[in-house]
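Raw run_4.txt, compact mmCIF, C-alpha atoms:
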# COMPACT_ATOMS: atom_id res chain seq x y z
CA MET A 196 150.53 20.93 135.54
CA GLU A 197 147.87 19.29 137.65
CA LEU A 198 145.64 22.35 137.60
CA VAL A 199 145.71 22.37 133.80
CA GLN A 200 144.74 18.70 133.61
CA LYS A 201 141.81 19.32 135.93
CA ALA A 202 140.71 22.37 133.95
CA LEU A 203 140.87 20.48 130.67
CA LYS A 204 138.55 17.89 132.18
CA GLY A 205 136.08 20.68 132.82
CA ASN A 206 136.64 21.34 136.53
CA ARG A 207 135.33 24.85 137.00
CA ARG A 208 137.30 25.56 140.09
CA ALA A 209 140.51 24.72 138.23
CA ILE A 210 139.49 26.91 135.28
CA ALA A 211 138.69 29.75 137.68
CA ARG A 212 142.04 29.35 139.46
CA LEU A 213 143.97 29.42 136.19
CA ILE A 214 142.26 32.66 135.18
CA SER A 215 143.11 34.15 138.58
CA LEU A 216 146.75 33.13 138.17
CA ALA A 217 146.83 34.86 134.80
CA GLU A 218 145.04 37.90 136.19
CA ASN A 219 147.57 38.23 139.00
CA GLU A 220 150.43 37.64 136.57
CA GLU A 221 151.86 34.81 138.56
CA LYS A 222 154.65 32.67 137.18
CA GLU A 223 152.60 29.47 137.08
CA ALA A 224 150.28 31.19 134.63
CA VAL A 225 152.96 31.16 131.95
CA THR A 226 153.64 27.47 132.56
CA ALA A 227 149.92 26.75 132.25
CA LEU A 228 149.46 28.84 129.12
CA ARG A 229 152.42 27.14 127.47
CA GLU A 230 150.78 23.81 128.12
CA MET A 231 147.39 24.96 126.87
CA PHE A 232 148.41 26.93 123.79
CA PRO A 233 148.50 23.93 121.40
CA LEU A 234 144.87 23.19 122.30
CA THR A 235 143.60 26.66 121.42
CA GLY A 236 142.01 27.89 118.21
CA LYS A 237 138.77 25.94 118.21
CA ALA A 238 136.46 28.36 119.98
CA HIS A 239 134.63 31.14 118.20
CA ILE A 240 135.21 34.37 120.06
CA VAL A 241 132.39 36.90 120.09
CA GLY A 242 132.89 40.44 121.34
CA ILE A 243 129.90 42.46 122.53
CA THR A 244 130.27 46.16 123.02
CA GLY A 245 128.04 49.21 123.25
CA PRO A 246 127.17 52.08 125.55
CA PRO A 247 126.26 51.50 129.21
CA GLY A 248 122.64 50.50 129.58
CA SER A 249 122.25 49.32 126.00
CA GLY A 250 121.50 45.83 127.25
CA LYS A 251 124.77 44.00 126.57
CA SER A 252 124.43 41.68 129.55
CA THR A 253 120.79 40.85 128.87
CA MET A 254 121.66 40.29 125.22
CA THR A 255 124.55 37.99 126.17
CA ASP A 256 122.28 36.06 128.52
CA LYS A 257 119.73 35.45 125.76
CA LEU A 258 122.26 34.65 123.04
CA VAL A 259 123.96 32.14 125.30
CA LYS A 260 120.63 30.48 126.11
CA GLU A 261 119.92 30.11 122.39
CA LEU A 262 123.37 28.60 121.78
CA ARG A 263 122.81 26.20 124.70
CA LYS A 264 119.61 25.02 123.02
CA ARG A 265 121.82 24.14 120.08
CA GLY A 266 124.11 22.12 122.34
CA LYS A 267 127.06 24.51 122.40
CA LYS A 268 129.29 25.04 125.42
CA VAL A 269 129.67 28.73 126.14
CA ALA A 270 131.94 30.86 128.32
CA ILE A 271 131.34 34.50 129.12
CA LEU A 272 133.94 37.05 130.14
CA ALA A 273 132.22 40.14 131.50
CA VAL A 274 134.57 43.09 131.75
CA ASP A 275 133.69 46.07 133.96
CA PRO A 276 135.76 49.15 134.80
CA ALA A 277 137.99 49.43 137.83
CA SER A 278 138.00 52.58 139.92
CA PRO A 279 140.99 54.63 138.85
CA PHE A 280 141.41 55.76 142.45
CA THR A 281 141.35 52.58 144.50
CA GLY A 282 141.74 49.86 141.90
CA GLY A 283 138.58 48.29 143.28
CA ALA A 284 135.58 47.46 141.12
CA ILE A 285 131.95 46.48 141.26
CA LEU A 286 131.29 43.76 138.72
CA GLY A 287 127.57 43.48 138.21
CA ASP A 288 127.02 41.69 134.92
CA ARG A 289 126.14 38.39 136.59
CA VAL A 290 122.94 39.97 137.88
CA ARG A 291 121.45 39.67 134.39
CA MET A 292 122.72 36.15 133.87
CA SER A 293 121.95 34.41 137.13
CA ASP A 294 119.81 31.75 135.41
CA LEU A 295 122.98 30.55 133.73
CA ASN A 296 124.83 29.99 137.03
CA LEU A 297 123.81 26.39 137.37
CA ASP A 298 124.16 25.39 133.73
CA GLU A 299 127.06 22.95 133.48
CA GLY A 300 127.72 24.02 129.90
CA VAL A 301 128.25 27.66 130.81
CA TYR A 302 131.12 29.39 132.60
CA ILE A 303 130.85 33.06 133.55
CA ARG A 304 133.73 35.14 134.81
CA SER A 305 133.69 38.84 135.71
CA LEU A 306 136.91 40.70 135.07
CA SER A 307 137.92 44.18 136.11
CA THR A 308 139.88 46.36 133.70
CA ARG A 309 142.45 46.84 136.48
CA GLY A 310 143.34 50.20 135.05
CA LYS A 311 144.15 49.06 131.54
CA LEU A 312 142.84 51.40 128.86
CA GLY A 313 140.90 49.99 125.96
CA GLY A 314 138.12 48.41 127.94
CA LEU A 315 139.71 44.99 128.07
CA SER A 316 141.50 43.74 131.08
CA LYS A 317 145.03 42.58 130.61
CA ALA A 318 143.97 39.11 131.60
CA THR A 319 141.21 38.87 129.00
CA HIS A 320 143.58 37.55 126.34
CA TYR A 321 144.84 34.88 128.71
CA ALA A 322 141.37 33.98 129.93
CA VAL A 323 140.22 33.50 126.33
CA LYS A 324 143.08 31.09 125.69
CA ILE A 325 142.37 29.12 128.85
CA LEU A 326 138.65 28.80 128.04
CA ASP A 327 139.39 27.96 124.40
CA ALA A 328 141.72 25.13 125.44
CA CYS A 329 139.09 23.88 127.88
CA GLY A 330 136.73 23.16 125.00
CA PHE A 331 134.16 25.94 125.04
CA ASP A 332 132.61 26.33 121.58
CA TYR A 333 131.85 30.00 122.01
CA ILE A 334 133.51 32.60 124.18
CA PHE A 335 131.67 35.87 124.69
CA ILE A 336 133.56 38.95 125.78
CA GLU A 337 131.37 41.75 127.01
CA THR A 338 133.16 45.06 127.39
CA VAL A 339 132.54 48.24 129.24
CA GLY A 340 131.18 51.43 127.86
CA VAL A 341 131.92 52.56 124.40
CA GLY A 342 134.34 54.74 122.55
CA GLN A 343 137.41 54.57 120.45
CA SER A 344 139.32 52.66 123.06
CA GLU A 345 136.91 49.79 122.57
CA VAL A 346 138.73 49.04 119.37
CA ASP A 347 140.98 47.00 121.63
CA ILE A 348 138.39 44.24 121.59
CA ILE A 349 139.23 43.45 118.00
CA LYS A 350 142.52 42.05 119.13
CA THR A 351 140.72 39.27 120.91
CA ALA A 352 137.38 38.63 119.15
CA ASP A 353 136.50 36.92 115.86
CA SER A 354 133.02 38.44 115.50
CA ILE A 355 132.15 41.78 116.99
CA LEU A 356 128.61 42.77 117.91
CA VAL A 357 127.92 46.44 118.48
CA VAL A 358 124.79 47.04 120.54
CA THR A 359 123.06 50.38 120.57
CA VAL A 360 119.64 51.72 121.58
CA PRO A 361 117.30 54.46 120.44
CA GLY A 362 117.49 57.80 122.19
CA LEU A 363 121.21 58.37 122.47
CA GLY A 364 121.15 61.54 120.42
CA ASP A 365 121.74 62.63 116.88
CA ASP A 366 124.10 60.81 114.61
CA ILE A 367 124.41 58.03 117.09
CA GLN A 368 126.92 59.96 119.13
CA ALA A 369 127.92 57.08 121.27
CA ILE A 370 129.03 54.84 118.46
CA LYS A 371 130.49 57.33 116.03
CA ALA A 372 134.16 56.75 115.99
CA GLY A 373 136.01 53.53 115.94
CA ILE A 374 133.08 51.33 116.79
CA LEU A 375 131.50 51.56 113.35
CA GLU A 376 134.64 50.28 111.71
CA ILE A 377 135.10 47.34 114.04
CA GLY A 378 131.51 46.08 114.18
CA ASP A 379 130.64 42.96 112.19
CA ILE A 380 127.02 42.85 113.30
CA PHE A 381 125.03 45.83 114.56
CA ILE A 382 122.15 45.47 116.95
CA VAL A 383 119.55 48.09 117.78
CA ASN A 384 118.26 46.81 121.10
CA LYS A 385 115.15 48.03 122.93
CA ALA A 386 113.68 48.36 119.45
CA ASP A 387 110.17 48.67 120.87
CA ARG A 388 111.08 52.23 121.80
CA ASP A 389 110.49 55.28 119.65
CA GLY A 390 113.22 56.10 117.21
CA ALA A 391 114.52 52.56 116.60
CA ASN A 392 113.92 52.82 112.87
CA ARG A 393 115.79 56.09 112.73
CA VAL A 394 118.81 54.52 114.42
CA VAL A 395 118.77 51.72 111.86
CA ILE A 396 118.64 54.20 108.99
CA GLU A 397 121.46 56.26 110.47
CA LEU A 398 123.57 53.15 110.91
CA GLU A 399 122.89 52.10 107.33
CA MET A 400 123.96 55.52 106.13
CA MET A 401 127.13 55.60 108.14
CA LEU A 402 128.07 52.07 107.18
CA GLY A 403 127.47 52.98 103.56
CA LEU A 404 130.11 55.64 103.94
CA ASN A 405 132.77 53.14 104.92
CA ALA A 406 135.43 53.47 102.27
CA GLU A 407 136.64 49.95 102.56
CA LYS A 408 134.01 47.60 101.19
CA ASP A 409 134.14 43.89 101.76
CA GLU A 410 131.87 40.99 100.99
CA TRP A 411 130.44 40.88 104.47
CA ASP A 412 127.11 42.71 104.55
CA HIS A 413 127.33 44.08 108.13
CA PRO A 414 123.75 43.25 109.11
CA ILE A 415 121.79 45.66 111.29
CA LEU A 416 119.31 43.79 113.46
CA MET A 417 116.54 44.98 115.77
CA THR A 418 115.98 43.23 119.09
CA VAL A 419 114.12 43.49 122.35
CA ALA A 420 116.48 41.32 124.36
CA SER A 421 114.47 41.43 127.58
CA GLU A 422 111.56 39.84 125.70
CA ASN A 423 113.78 37.48 123.71
CA LYS A 424 112.75 39.15 120.44
CA GLY A 425 115.19 39.01 117.54
CA ILE A 426 117.66 36.81 119.41
CA ILE A 427 117.55 33.88 116.99
CA GLU A 428 118.35 36.28 114.14
CA VAL A 429 121.42 37.53 116.01
CA VAL A 430 122.64 33.99 116.66
CA GLU A 431 122.10 33.14 112.98
CA ALA A 432 124.09 36.23 111.98
CA VAL A 433 126.96 35.22 114.26
CA ILE A 434 127.01 31.73 112.75
CA ARG A 435 126.86 33.21 109.26
CA HIS A 436 129.77 35.52 110.09
CA LYS A 437 131.76 32.60 111.48
CA GLU A 438 131.21 30.70 108.21
CA TYR A 439 132.15 33.78 106.22
CA LEU A 440 135.42 34.13 108.14
CA ASP A 441 136.21 30.46 107.60
CA LYS A 442 135.36 30.47 103.92
CA THR A 443 137.32 33.59 103.02
CA GLY A 444 140.37 32.72 105.07
CA LEU A 445 139.85 35.88 107.11
CA LEU A 446 139.72 33.91 110.34
CA ALA A 447 143.22 32.58 109.85
CA GLU A 448 144.37 36.06 108.90
CA ARG A 449 142.79 37.74 111.93
CA ARG A 450 144.20 35.12 114.26
CA ARG A 451 147.65 35.47 112.79
CA GLU A 452 147.52 39.24 113.29
CA ARG A 453 146.38 38.68 116.84
CA LEU A 454 149.35 36.45 117.57
CA GLU A 455 151.67 39.11 116.17
CA THR A 456 150.15 41.78 118.39
CA GLU A 457 150.20 39.54 121.41
CA VAL A 458 153.86 38.67 121.09
CA LEU A 459 154.88 42.27 120.54
CA GLU A 460 152.83 43.40 123.54
CA LEU A 461 154.28 40.71 125.74
CA VAL A 462 157.80 41.61 124.69
CA VAL A 463 157.18 45.23 125.65
CA GLN A 464 155.59 44.20 128.95
CA ASN A 465 158.42 41.89 129.84
CA MET A 466 161.09 44.39 128.84
CA THR A 467 159.41 47.05 130.95
CA ARG A 468 159.30 44.72 133.88
CA TYR A 469 162.93 43.68 133.40
CA VAL A 470 164.16 47.24 133.12
CA ASN A 471 162.12 48.19 136.17
CA GLU A 472 163.56 45.40 138.24
CA LYS A 473 167.12 45.81 137.04
CA PHE A 474 167.51 49.58 137.06
CA VAL A 475 164.65 51.36 138.72
CA LYS A 476 164.30 49.35 141.89
CA ASP A 477 167.94 49.44 143.00
CA GLY A 478 168.22 53.18 142.40
CA SER A 479 170.88 52.95 139.67
CA PHE A 480 168.36 54.47 137.28
CA GLN A 481 168.18 57.61 139.42
CA GLU A 482 171.97 57.92 139.30
CA GLU A 483 171.82 57.76 135.53
CA VAL A 484 169.11 60.40 135.49
CA ASP A 485 171.30 62.58 137.72
CA LYS A 486 173.99 62.37 135.03
CA LEU A 487 171.45 63.52 132.45
CA VAL A 488 170.50 66.47 134.62
CA ARG A 489 174.19 67.43 134.92
CA LYS A 490 174.49 67.01 131.13
CA GLU A 491 177.17 64.37 131.62
CA ASN A 492 175.20 62.00 129.45
CA ASP A 493 172.28 62.26 127.04
CA PRO A 494 169.01 60.28 127.14
CA TYR A 495 169.66 58.60 123.80
CA THR A 496 172.98 57.12 124.79
CA LEU A 497 171.44 56.00 128.08
CA VAL A 498 168.58 54.24 126.26
CA GLN A 499 171.10 52.51 124.00
CA SER A 500 173.11 51.26 126.93
CA ILE A 501 170.03 50.07 128.84
CA LEU A 502 168.82 48.20 125.76
CA ALA A 503 172.25 46.73 125.11
CA ASP A 504 172.27 45.50 128.66
CA THR A 505 168.72 44.13 128.48
CA VAL A 506 168.96 42.28 125.20
CA LYS A 507 171.92 40.07 125.84
CA MET B 139 153.62 43.22 138.71
CA SER B 140 149.98 43.61 139.55
CA GLU B 141 149.30 42.69 143.14
CA LYS B 142 146.64 40.21 144.04
CA LEU B 143 143.33 41.93 144.66
CA ILE B 144 140.79 40.53 147.09
CA ARG B 145 137.73 39.26 145.22
CA VAL B 146 134.41 39.25 147.05
CA LEU B 147 131.02 37.88 146.01
CA VAL B 148 128.29 39.99 147.60
CA ALA B 149 125.24 37.78 147.49
CA LYS B 150 121.56 38.05 148.36
CA PRO B 151 120.20 34.62 149.22
CA GLY B 152 116.56 34.06 150.01
CA LEU B 153 113.44 35.90 149.12
CA ASP B 154 113.70 39.41 150.53
CA GLY B 155 114.24 42.16 148.00
CA HIS B 156 116.06 44.62 150.21
CA ASP B 157 119.53 45.10 148.80
CA ARG B 158 120.35 48.53 150.11
CA GLY B 159 122.67 47.03 152.72
CA ALA B 160 124.34 44.74 150.19
CA LYS B 161 124.96 47.69 147.88
CA VAL B 162 126.41 49.84 150.67
CA ILE B 163 128.82 47.02 151.55
CA ALA B 164 129.66 46.44 147.87
CA ARG B 165 130.53 50.10 147.47
CA ALA B 166 132.61 50.19 150.67
CA LEU B 167 134.59 47.13 149.61
CA ARG B 168 135.19 48.59 146.18
CA ASP B 169 136.43 51.80 147.74
CA ALA B 170 138.79 49.70 149.83
CA GLY B 171 140.31 48.42 146.58
CA MET B 172 138.55 45.06 146.34
CA GLU B 173 136.88 43.53 143.32
CA VAL B 174 133.26 43.01 144.17
CA ILE B 175 130.98 40.74 142.19
CA TYR B 176 127.34 41.41 142.91
CA SER B 177 125.01 38.44 142.50
CA GLY B 178 121.68 40.18 142.27
CA LEU B 179 118.57 39.36 144.27
CA ARG B 180 116.95 36.09 145.29
CA GLN B 181 119.76 33.66 144.72
CA THR B 182 119.63 30.06 145.83
CA PRO B 183 122.59 28.68 147.79
CA GLU B 184 123.45 26.57 144.73
CA GLN B 185 123.57 29.66 142.50
CA ILE B 186 125.72 31.52 145.01
CA VAL B 187 128.21 28.67 145.27
CA ALA B 188 128.35 28.24 141.48
CA ALA B 189 129.11 31.95 141.13
CA ALA B 190 131.72 31.85 143.92
CA VAL B 191 133.52 28.94 142.26
CA GLN B 192 133.44 30.40 138.75
CA GLU B 193 134.62 33.78 139.98
CA ASP B 194 137.33 32.27 142.23
CA VAL B 195 136.46 34.64 145.03
CA ASP B 196 138.26 34.87 148.36
CA VAL B 197 135.16 35.95 150.26
CA VAL B 198 131.41 35.33 150.07
CA ALA B 199 129.51 38.06 151.88
CA MET B 200 125.78 37.39 152.19
CA SER B 201 123.06 39.78 153.19
CA LEU B 202 119.71 38.55 154.37
CA LEU B 203 116.79 40.33 155.98
CA SER B 204 114.07 37.74 155.76
CA GLY B 205 114.93 35.61 158.77
CA ALA B 206 115.98 32.52 156.83
CA HIS B 207 119.67 32.94 157.70
CA ASN B 208 119.88 29.85 159.92
CA HIS B 209 118.96 27.74 156.94
CA LEU B 210 120.56 29.56 154.00
CA PHE B 211 123.93 30.73 155.37
CA PRO B 212 125.11 27.30 156.59
CA LYS B 213 123.86 25.73 153.36
CA VAL B 214 126.17 27.99 151.34
CA ALA B 215 129.13 27.15 153.61
CA LYS B 216 128.37 23.44 153.30
CA LEU B 217 128.06 23.51 149.50
CA LEU B 218 131.31 25.49 149.22
CA ALA B 219 133.09 22.86 151.29
CA GLU B 220 131.66 20.15 149.04
CA GLU B 221 133.15 21.94 146.05
CA GLY B 222 136.53 21.95 147.78
CA ALA B 223 136.27 25.70 148.24
CA ASP B 224 136.40 25.63 152.03
CA ASP B 225 139.21 28.20 152.01
CA VAL B 226 136.67 30.84 151.05
CA LEU B 227 135.82 33.23 153.89
CA VAL B 228 132.04 33.15 154.38
CA MET B 229 130.39 36.09 156.11
CA GLY B 230 126.84 37.10 156.82
CA GLY B 231 125.03 40.31 157.52
CA GLY B 232 121.54 41.69 157.93
CA VAL B 233 118.81 41.48 160.49
CA ILE B 234 120.18 38.63 162.56
CA PRO B 235 119.35 38.15 166.25
CA ASP B 236 122.41 37.92 168.52
CA SER B 237 121.14 34.59 169.79
CA ASP B 238 121.52 33.05 166.30
CA ILE B 239 125.13 34.11 165.84
CA PRO B 240 126.78 31.23 167.79
CA PHE B 241 124.85 28.70 165.70
CA LEU B 242 125.95 30.37 162.46
CA LYS B 243 129.56 30.46 163.59
CA GLU B 244 129.46 26.76 164.39
CA ASN B 245 128.20 26.15 160.87
CA GLY B 246 130.87 27.68 158.70
CA ILE B 247 130.05 31.39 158.92
CA ALA B 248 133.25 33.16 159.94
CA GLU B 249 131.64 36.37 161.12
CA VAL B 250 128.22 38.01 161.29
CA PHE B 251 127.63 41.74 161.03
CA THR B 252 124.39 43.26 162.19
CA PRO B 253 122.79 46.63 161.35
CA GLY B 254 124.80 49.65 162.43
CA THR B 255 128.22 48.05 161.83
CA PRO B 256 130.57 50.70 160.38
CA THR B 257 131.65 49.61 156.89
CA GLY B 258 135.29 50.10 157.89
CA GLU B 259 134.91 47.27 160.38
CA VAL B 260 133.81 44.89 157.62
CA VAL B 261 136.71 46.01 155.39
CA ASN B 262 139.23 45.43 158.19
CA TYR B 263 137.75 42.08 159.06
CA ILE B 264 138.15 40.89 155.47
CA LYS B 265 141.68 42.26 155.15
CA ASN B 266 142.75 40.54 158.37
CA ASN B 267 141.06 37.22 157.77
CA VAL B 268 141.20 36.48 154.09
CA ARG B 269 143.22 33.38 153.25
Will you turn the file into structure tokens for me?
Amino acid sequence: MELVQKALKGNRRAIARLISLAENEEKEAVTALREMFPLTGKAHIVGITGPPGSGKSTMTDKLVKELRKRGKKVAILAVDPASPFTGGAILGDRVRMSDLNLDEGVYIRSLSTRGKLGGLSKATHYAVKILDACGFDYIFIETVGVGQSEVDIIKTADSILVVTVPGLGDDIQAIKAGILEIGDIFIVNKADRDGANRVVIELEMMLGLNAEKDEWDHPILMTVASENKGIIEVVEAVIRHKEYLDKTGLLAERRRERLETEVLELVVQNMTRYVNEKFVKDGSFQEEVDKLVRKENDPYTLVQSILADTVK
Amino acid sequence: MSEKLIRVLVAKPGLDGHDRGAKVIARALRDAGMEVIYSGLRQTPEQIVAAAVQEDVDVVAMSLLSGAHNHLFPKVAKLLAEEGADDVLVMGGGVIPDSDIPFLKENGIAEVFTPGTPTGEVVNYIKNNVR
């Protein structure tokens, strides 16, 4: 595909187009991804999550600048929520990163969740693959909000940074569930504010309670991202985590699991689409449901026959 | 399955810091189901075009209240064309004298909206003219 060749040479417009194709689930996207898949697996994928206003975008901006100083090419996927009512979205993460706009070694793309739960847009997985194939050394994924659904990010990222700030309430309400288990590196940002030390202590305590111990030490770092304080330490921790994953074979393991999940998800998506197109659209599904209502058939037999017809 | 959504970059070129108008438009476009990327204040034409290309937007909507529109708006249109992104719909808004509008339209700005324009008009214009 011509577009793929252009993208691989670093043409940003081509990269952007490919991501749009994937986002809109157009057929060419599959062709492109097929072509690019063999080239993937080189980039280190970093997920950044945390509550709104914790400074994820500012943090990303600073981390990327530090990595650029070290000669790395970096892509950023900034995911923001879509309105559940209109499907529209305001994607504002670029505001904090506008210095990076003109850097040839940086590509920034804002993605809307387009209604998908879990904080990651459906296209994020595809976008990561496209950027990976295009030779970016690091790919940052910044996700919306916080909560258990954020666990979704683990399916795409190698290293996960959890950003929090002082003043969110007792027991670090906002990062209680889910997030603590998925974080590889914890960052207490805006650490010049009162209560930063307490947040660190609370995090240490809660991490200490994790039943499953591994060799990774789950560092807790303090930063003031807006003043560039503590940023080098975070970058060093990411690099250290990358080396840890390589050395222990965990990287290969995580990536294998991710492929499993991806294939299973795609199968489900494609089946749903197929069933929709084959039965629901032409109304034959409604006729079958009518039979169920009249007790002429049962749902389980119907499912069997739909599946038998789908998997031929 | 998912339909193509219109992507718009709402950008603030130049040096004025008044983004109330830009934010009102951003919100209206979002409510009309579009994906709006907001650039933030004081962007150079180069920054705006870089963002437009990376985000693969269908529309660049600029807001300017400083009076520099005759310089900055056409510059953005020109740089977009140089990047091969001349299919992007470029629009302008803000405090712009009627007498400047013909010049802007000759220089790559598809439409200009001045203060008092109902947001619905902008939404309809985009829906009808996006390529």
Point-to-point distance in Å for atom CA of A:Gly283 and atom CA of B:Arg168: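 Spanning atom CA of B:Arg168 to atom CA of A:Gly283 is a straight-line distance of 4.5 Å.
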Stretch 242-251 of chain A: which residues within 6 Å, counting only C-alpha atoms, same-chain residues fewer than 3 positions away excluded, as a compact mmCIF listing (two decimals) with C-alpha atoms, in the frame of the given file?
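Below you can see part08.txt, which holds the result:
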# COMPACT_ATOMS: atom_id res chain seq x y z
CA MET A 254 121.66 40.29 125.22
CA PHE A 335 131.67 35.87 124.69
CA ILE A 336 133.56 38.95 125.78
CA GLU A 337 131.37 41.75 127.01
CA THR A 338 133.16 45.06 127.39
CA GLY A 340 131.18 51.43 127.86
CA VAL A 341 131.92 52.56 124.40
CA ALA A 352 137.38 38.63 119.15
CA ILE A 355 132.15 41.78 116.99
CA LEU A 356 128.61 42.77 117.91
CA VAL A 357 127.92 46.44 118.48
CA VAL A 358 124.79 47.04 120.54
CA THR A 359 123.06 50.38 120.57
CA VAL A 360 119.64 51.72 121.58
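Going from atom CA of A:Asp379 to atom CA of A:Arg449 covers 13.2 Å.
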Interatomic distance, atom CA of B:Val261 to atom CA of A:Ile271 (Å, one decimal): 29.2 Å
Show me, as CSV, the residues of chain A having an atom within 9 Å of chain B, each with the closest atom pair and its distance in Å, using only C-alpha atoms.
residue,atom,partner,partner_atom,distance
A:Arg207,CA,B:Gln192,CA,6.1
A:Arg208,CA,B:Val191,CA,5.5
A:Ile210,CA,B:Gln192,CA,7.8
A:Ala211,CA,B:Asp194,CA,5.4
A:Arg212,CA,B:Asp194,CA,6.2
A:Ile214,CA,B:Asp194,CA,8.6
A:Ser215,CA,B:Asp194,CA,7.1
A:Glu218,CA,B:Ser140,CA,8.3
A:Asn219,CA,B:Lys142,CA,5.5
A:Glu220,CA,B:Ser140,CA,6.7
A:Glu221,CA,B:Met139,CA,8.6
A:Ala277,CA,B:Glu173,CA,8.1
A:Ser278,CA,B:Arg168,CA,7.9
A:Phe280,CA,B:Asp169,CA,8.3
A:Thr281,CA,B:Gly171,CA,4.8
A:Gly282,CA,B:Gly171,CA,5.1
A:Gly283,CA,B:Gly171,CA,3.7
A:Ala284,CA,B:Glu173,CA,4.7
A:Ile285,CA,B:Val174,CA,4.7
A:Leu286,CA,B:Ile175,CA,4.6
A:Gly287,CA,B:Tyr176,CA,5.1
A:Asp288,CA,B:Tyr176,CA,8.0
A:Arg289,CA,B:Ser177,CA,6.0
A:Val290,CA,B:Gly178,CA,4.6
A:Arg291,CA,B:Gly178,CA,7.9
A:Ser293,CA,B:Gln185,CA,7.4
A:Asp294,CA,B:Gln185,CA,8.3
A:Leu295,CA,B:Gln185,CA,8.8
A:Asn296,CA,B:Gln185,CA,5.6
A:Leu297,CA,B:Gln185,CA,6.1
A:Tyr302,CA,B:Gln192,CA,6.7
A:Ile303,CA,B:Gln192,CA,6.4
A:Arg304,CA,B:Glu193,CA,5.4
A:Ser305,CA,B:Glu193,CA,6.7
A:Leu306,CA,B:Glu173,CA,8.7
A:Ser307,CA,B:Glu173,CA,7.3
A:Arg309,CA,B:Ser140,CA,8.7
A:Arg468,CA,B:Met139,CA,7.6
Write to file, as a compact mmCIF listing (two decimals), in the coordinates of the input, the residues of the selection just made, with C-alpha atoms.
# COMPACT_ATOMS: atom_id res chain seq x y z
CA ARG A 207 135.33 24.85 137.00
CA ARG A 208 137.30 25.56 140.09
CA ILE A 210 139.49 26.91 135.28
CA ALA A 211 138.69 29.75 137.68
CA ARG A 212 142.04 29.35 139.46
CA ILE A 214 142.26 32.66 135.18
CA SER A 215 143.11 34.15 138.58
CA GLU A 218 145.04 37.90 136.19
CA ASN A 219 147.57 38.23 139.00
CA GLU A 220 150.43 37.64 136.57
CA GLU A 221 151.86 34.81 138.56
CA ALA A 277 137.99 49.43 137.83
CA SER A 278 138.00 52.58 139.92
CA PHE A 280 141.41 55.76 142.45
CA THR A 281 141.35 52.58 144.50
CA GLY A 282 141.74 49.86 141.90
CA GLY A 283 138.58 48.29 143.28
CA ALA A 284 135.58 47.46 141.12
CA ILE A 285 131.95 46.48 141.26
CA LEU A 286 131.29 43.76 138.72
CA GLY A 287 127.57 43.48 138.21
CA ASP A 288 127.02 41.69 134.92
CA ARG A 289 126.14 38.39 136.59
CA VAL A 290 122.94 39.97 137.88
CA ARG A 291 121.45 39.67 134.39
CA SER A 293 121.95 34.41 137.13
CA ASP A 294 119.81 31.75 135.41
CA LEU A 295 122.98 30.55 133.73
CA ASN A 296 124.83 29.99 137.03
CA LEU A 297 123.81 26.39 137.37
CA TYR A 302 131.12 29.39 132.60
CA ILE A 303 130.85 33.06 133.55
CA ARG A 304 133.73 35.14 134.81
CA SER A 305 133.69 38.84 135.71
CA LEU A 306 136.91 40.70 135.07
CA SER A 307 137.92 44.18 136.11
CA ARG A 309 142.45 46.84 136.48
CA ARG A 468 159.30 44.72 133.88
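Minimum atom-to-atom distances from A:Thr456, A:Lys257, A:Gly378, A:Thr235 to A:Phe331 were compared using all atoms listed in the file, and the lowest value belongs to A:Thr235.
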Exercise: stretch 203-214 of chain B partners within 12 Å, only C-alpha atoms, chain neighbours under 6 positions left out, as a PyMOL selection string: chain B and resi 149-160+179-191+220-221+223-224+226-235+237-250+252-253
Mind filling out stretch 221-228 of chain A with N, CA and C atoms and sending it as a PDB file, keeping the file's coordinate frame?
ATOM      1  N   GLU A 221     150.959  35.665 137.819  1.00  0.00           N
ATOM      2  CA  GLU A 221     151.860  34.810 138.560  1.00  0.00           C
ATOM      3  C   GLU A 221     152.618  33.895 137.609  1.00  0.00           C
ATOM      4  N   LYS A 222     153.771  33.447 138.070  1.00  0.00           N
ATOM      5  CA  LYS A 222     154.650  32.670 137.180  1.00  0.00           C
ATOM      6  C   LYS A 222     154.008  31.397 136.659  1.00  0.00           C
ATOM      7  N   GLU A 223     153.227  30.730 137.518  1.00  0.00           N
ATOM      8  CA  GLU A 223     152.600  29.470 137.080  1.00  0.00           C
ATOM      9  C   GLU A 223     151.697  29.684 135.873  1.00  0.00           C
ATOM     10  N   ALA A 224     151.195  30.915 135.737  1.00  0.00           N
ATOM     11  CA  ALA A 224     150.280  31.190 134.630  1.00  0.00           C
ATOM     12  C   ALA A 224     150.983  30.939 133.297  1.00  0.00           C
ATOM     13  N   VAL A 225     152.223  31.342 133.198  1.00  0.00           N
ATOM     14  CA  VAL A 225     152.960  31.160 131.950  1.00  0.00           C
ATOM     15  C   VAL A 225     153.143  29.667 131.661  1.00  0.00           C
ATOM     16  N   THR A 226     153.492  28.913 132.704  1.00  0.00           N
ATOM     17  CA  THR A 226     153.640  27.470 132.560  1.00  0.00           C
ATOM     18  C   THR A 226     152.330  26.862 132.038  1.00  0.00           C
ATOM     19  N   ALA A 227     151.222  27.285 132.631  1.00  0.00           N
ATOM     20  CA  ALA A 227     149.920  26.750 132.250  1.00  0.00           C
ATOM     21  C   ALA A 227     149.575  27.130 130.810  1.00  0.00           C
ATOM     22  N   LEU A 228     149.810  28.379 130.470  1.00  0.00           N
ATOM     23  CA  LEU A 228     149.460  28.840 129.120  1.00  0.00           C
ATOM     24  C   LEU A 228     150.290  28.131 128.063  1.00  0.00           C
TER      25      LEU A 228
END
